[in-house]
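Colleague: Got a structure here, written out as structure tokens. Questions coming.
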Amino acid sequence: MMKIIANFKMNLTPSLTKEYLIQLLARYNFNDNVELGLSLPFISIPIAKFIAKDKNVLIGAQNICDEEEGKNTGEINGAMLKDAGVDFVIVGHSERRKKYKEDNKLINHKIKVALKNGLSVILCVGESLNDYNNLKTFSVLTEQIEGALKGLYENELENITIAYEPIWAIGTGIIPSLNEIEKACQAIRNVIKEDFSLKASENIDILYGGSVNNKNIIQLKKLKKANGFLIGGACLDVAGLLQIVNVVNDKK
Ligand code: PGA
């Protein structure tokens, strides 16, 4: 089963999300071999849950508070997300690491809170252009994964998917070569093998993210070590997202 996670970022109002979902669900083929998840702004989650109820689409959030309770004005905790019917949450996206100064320790806390509240996690990792140019990709990935997964039990990895998103590929229209992505995915699996087990490293789902669109998906689909894609900009167009799903779903 391939996973496609659409990251809406800070796009579409709740009303536009409703329109989007009505159009998407009218045309979506539910016999797919693809698991589709939509990661929405908090405020669009209730309408999305309502429109997508009884449909085979997962609804996700894009953030979670690192604490379960307390004085955290403006934050949303794990219990609130669970109660709202959220299935998964994106943690560690590079936009949050950079702009909101989220470090690996905070990300680790967020993951623990998410898991404790029964939410699956999409953990984003990836190197900057500078790291890439200085051949530091693998060491950055190792540091990010080890920091984020510190103290977790192996069985908890069942609810974690890792998204490899080179920062220089996000929203730029540039993607790494397939070989580079395969190597990064293998490096991620090696860290999991080292820190958990061979079985965990084989079982963990890894997504590729960064400028995936309805054209390059034909190439990207050939990846052997990734189990799906995290899609930003290209998911905002219903037809574009459906094309991506159809290409991934097509076994040829
Ligand atoms: P993009 O974003 O597909 O627009 O590059 C991906 C992401 O940030 O998750």
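By order of appearance in the structure tokens: chains A, B, ..., then residues from 1 within every chain, and ligands from 1 in the order shown.
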Find the nearest atom pair between each residue of chain A and ligand 1 for residues within 8 Å, count only C-alpha atoms and all ligand atoms, give distances in Å to one decimal, sort rows by chain and ascending number, and present the table as CSV.

Modeller:
```
residue,atom,partner,partner_atom_place_in_ligand_line,distance
A:Ala6,CA,ligand 1,9 (O),7.8
A:Asn7,CA,ligand 1,9 (O),5.7
A:Lys9,CA,ligand 1,8 (O),7.7
A:His93,CA,ligand 1,8 (O),7.0
A:Ser94,CA,ligand 1,8 (O),7.4
A:Glu95,CA,ligand 1,8 (O),7.5
A:Glu165,CA,ligand 1,9 (O),7.0
A:Ala169,CA,ligand 1,5 (O),6.1
A:Ile170,CA,ligand 1,5 (O),3.4
A:Gly171,CA,ligand 1,5 (O),3.5
A:Thr172,CA,ligand 1,5 (O),6.4
A:Gly173,CA,ligand 1,5 (O),7.0
A:Gly209,CA,ligand 1,6 (C),5.3
A:Gly210,CA,ligand 1,5 (O),3.7
A:Ser211,CA,ligand 1,5 (O),3.5
A:Val212,CA,ligand 1,3 (O),5.2
A:Asn213,CA,ligand 1,3 (O),7.2
A:Leu230,CA,ligand 1,9 (O),5.5
A:Ile231,CA,ligand 1,3 (O),4.2
A:Gly232,CA,ligand 1,3 (O),3.4
A:Gly233,CA,ligand 1,4 (O),3.7
A:Ala234,CA,ligand 1,3 (O),6.0
A:Cys235,CA,ligand 1,3 (O),7.8
```

Colleague: Pull N, CA and C atoms from the residues just selected and write them as a CSV table (one decimal), in the first residue's frame.

Modeller:
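Output contents, as saved in result_13.csv:
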```csv
chain,number,residue,atom,x,y,z
A,6,ALA,N,-1.2,14.7,1.6
A,6,ALA,CA,-1.3,16.1,1.0
A,6,ALA,C,-1.2,17.1,2.2
A,7,ASN,N,-0.2,17.9,2.1
A,7,ASN,CA,0.0,18.9,3.1
A,7,ASN,C,-0.5,20.3,2.6
A,9,LYS,N,-0.6,23.0,4.1
A,9,LYS,CA,0.0,24.2,4.7
A,9,LYS,C,-1.0,25.2,5.1
A,93,HIS,N,8.2,19.5,10.3
A,93,HIS,CA,8.3,20.1,9.0
A,93,HIS,C,9.4,21.2,9.0
A,94,SER,N,10.1,21.3,7.9
A,94,SER,CA,11.2,22.2,7.9
A,94,SER,C,10.8,23.7,8.1
A,95,GLU,N,9.5,24.0,7.6
A,95,GLU,CA,9.0,25.3,7.8
A,95,GLU,C,8.9,25.6,9.3
A,165,GLU,N,12.4,15.0,3.2
A,165,GLU,CA,12.1,16.2,2.4
A,165,GLU,C,13.3,17.1,2.4
A,169,ALA,N,14.4,21.2,-1.9
A,169,ALA,CA,13.5,20.7,-2.9
A,169,ALA,C,12.1,21.2,-2.6
A,170,ILE,N,11.8,21.7,-1.4
A,170,ILE,CA,10.5,22.1,-1.0
A,170,ILE,C,10.1,23.4,-1.7
A,171,GLY,N,9.1,23.3,-2.6
A,171,GLY,CA,8.5,24.5,-3.2
A,171,GLY,C,9.4,25.1,-4.3
A,172,THR,N,10.5,24.4,-4.7
A,172,THR,CA,11.4,25.0,-5.6
A,172,THR,C,11.3,24.5,-7.0
A,173,GLY,N,10.6,23.4,-7.2
A,173,GLY,CA,10.5,22.8,-8.5
A,173,GLY,C,11.7,21.9,-8.8
A,209,GLY,N,9.2,13.8,-0.1
A,209,GLY,CA,8.5,15.1,-0.3
A,209,GLY,C,9.4,16.2,-0.8
A,210,GLY,N,8.9,17.1,-1.5
A,210,GLY,CA,9.6,18.2,-2.1
A,210,GLY,C,9.4,18.3,-3.6
A,211,SER,N,8.5,19.3,-4.0
A,211,SER,CA,8.2,19.6,-5.4
A,211,SER,C,7.6,18.4,-6.2
A,212,VAL,N,7.0,17.5,-5.5
A,212,VAL,CA,6.3,16.4,-6.2
A,212,VAL,C,5.1,17.0,-7.0
A,213,ASN,N,5.0,16.6,-8.3
A,213,ASN,CA,3.9,17.1,-9.0
A,213,ASN,C,3.4,16.0,-10.0
A,230,LEU,N,4.8,12.9,0.1
A,230,LEU,CA,4.2,14.0,0.9
A,230,LEU,C,4.2,15.2,-0.1
A,231,ILE,N,3.0,15.7,-0.3
A,231,ILE,CA,2.8,16.7,-1.4
A,231,ILE,C,2.3,18.0,-0.9
A,232,GLY,N,3.0,19.1,-1.2
A,232,GLY,CA,2.5,20.4,-0.8
A,232,GLY,C,1.8,21.1,-1.9
A,233,GLY,N,2.4,22.0,-2.6
A,233,GLY,CA,1.8,22.9,-3.5
A,233,GLY,C,0.9,22.1,-4.5
A,234,ALA,N,1.3,21.0,-5.0
A,234,ALA,CA,0.6,20.3,-6.1
A,234,ALA,C,-0.8,19.7,-5.6
A,235,CYS,N,-1.0,19.6,-4.3
A,235,CYS,CA,-2.2,19.1,-3.8
A,235,CYS,C,-3.4,20.1,-3.8
```

Colleague: As a PyMOL selection string, please: all residues of range 19-228 of chain A that backbone DSSP puts in strand (DSSP E or B).

Modeller: chain A and resi 34-39+57-61+88-91+120-125+160-164+205-209+228

Colleague: Set the distance at 12 Å and use only C-alpha atoms: which residues neighbour Ile22 in chain A once local chain neighbours fewer than 2 positions away are removed? I'd like the list as a PyMOL selection string.

Modeller: chain A and resi 15-20+24-28+47-53+55+238

Colleague: With distances taken over only C-alpha atoms, which of A:Gln186, A:Asn77, A:Asn133, A:Ser39 is nearest to Ile59 in chain A?

Modeller: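 Among A:Gln186, A:Asn77, A:Asn133, A:Ser39, it is A:Ser39 that comes nearest to Ile59 in chain A.
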
Colleague: Of the candidates A:Leu119, A:Asn108, A:Cys124, A:Phe30, which one gets nearest to Asp54 in chain A if we count only C-alpha atoms?

Modeller: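 Checking each candidate against Asp54 in chain A, we get A:Phe30 as the closest.
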
Colleague: Just want the 10 Å neighbourhood of Leu220 in chain A, counted on only C-alpha atoms, with same-chain residues fewer than 2 positions away dropped. Output as a PyMOL selection string.

Modeller: chain A and resi 175-178+181+208+212-213+215-218+222-224+226+228-229+248

Colleague: Using only C-alpha atoms, determine which residues lie at most 9 Å from Thr161 in chain A, disregarding the query and same-chain residues fewer than 5 positions distant; provide the list as a list of chain:residue names.

Modeller: A:Ser120, A:Val121, A:Ile122, A:Leu123, A:Cys124, A:Ile204, A:Asp205, A:Ile206, A:Leu207

Colleague: Hey, what does DSSP flag as alpha helix (DSSP H) within range 21-164 of chain A? Can you give it to me as a VMD selection string?

Modeller: chain A and resid 21 to 27 45 to 51 78 to 83 94 to 99 104 to 116 129 to 133 137 to 148

Colleague: Counting only C-alpha atoms, which residue out of A:Leu106, A:Leu241, A:Ala187, A:Ile167 sits closest to Gly147 in chain A?

Modeller: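 Nearest to Gly147 in chain A: A:Leu106.
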
Colleague: Residues at most 10 Å from Glu146 in chain A, counting only C-alpha atoms, excluding those fewer than 6 positions away in the same chain, as a ChimeraX atom specification?

Modeller: /A:104-105,108,140,191-192,195

Colleague: May I ask which of the residues A:Asn190, A:Gln144, A:Ser44, A:Thr73 is the closest one to Ala61 in chain A, counting only C-alpha atoms?

Modeller: A:Ser44

Colleague: Quote the spacing between CA of Lys98 in chain A and CA of Gly151 in chain A in Å to one decimal place.

Modeller: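 One can read the CA of Lys98 in chain A to CA of Gly151 in chain A distance as 24.1 Å.
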
Colleague: Need to verify the contact set: Ala84 in chain A, 8 Å, only C-alpha atoms, exclusion of same-chain residues closer than 2 positions in sequence. Can you return it as a ChimeraX atom specification?

Modeller: /A:45-46,80-82,86

Colleague: Tell me which of A:Ala163, A:Met2, A:Leu38, A:Asp103 sits closest to Leu236 in chain A, counting only C-alpha atoms.

Modeller: A:Leu38

Colleague: Given the choices A:Asn179, A:Ile64, A:Leu58, A:Leu12, which gets closest to Ile76 in chain A if the distance is worked out from only C-alpha atoms?

Modeller: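 For Ile76 in chain A, the nearest of the candidates is A:Ile64.
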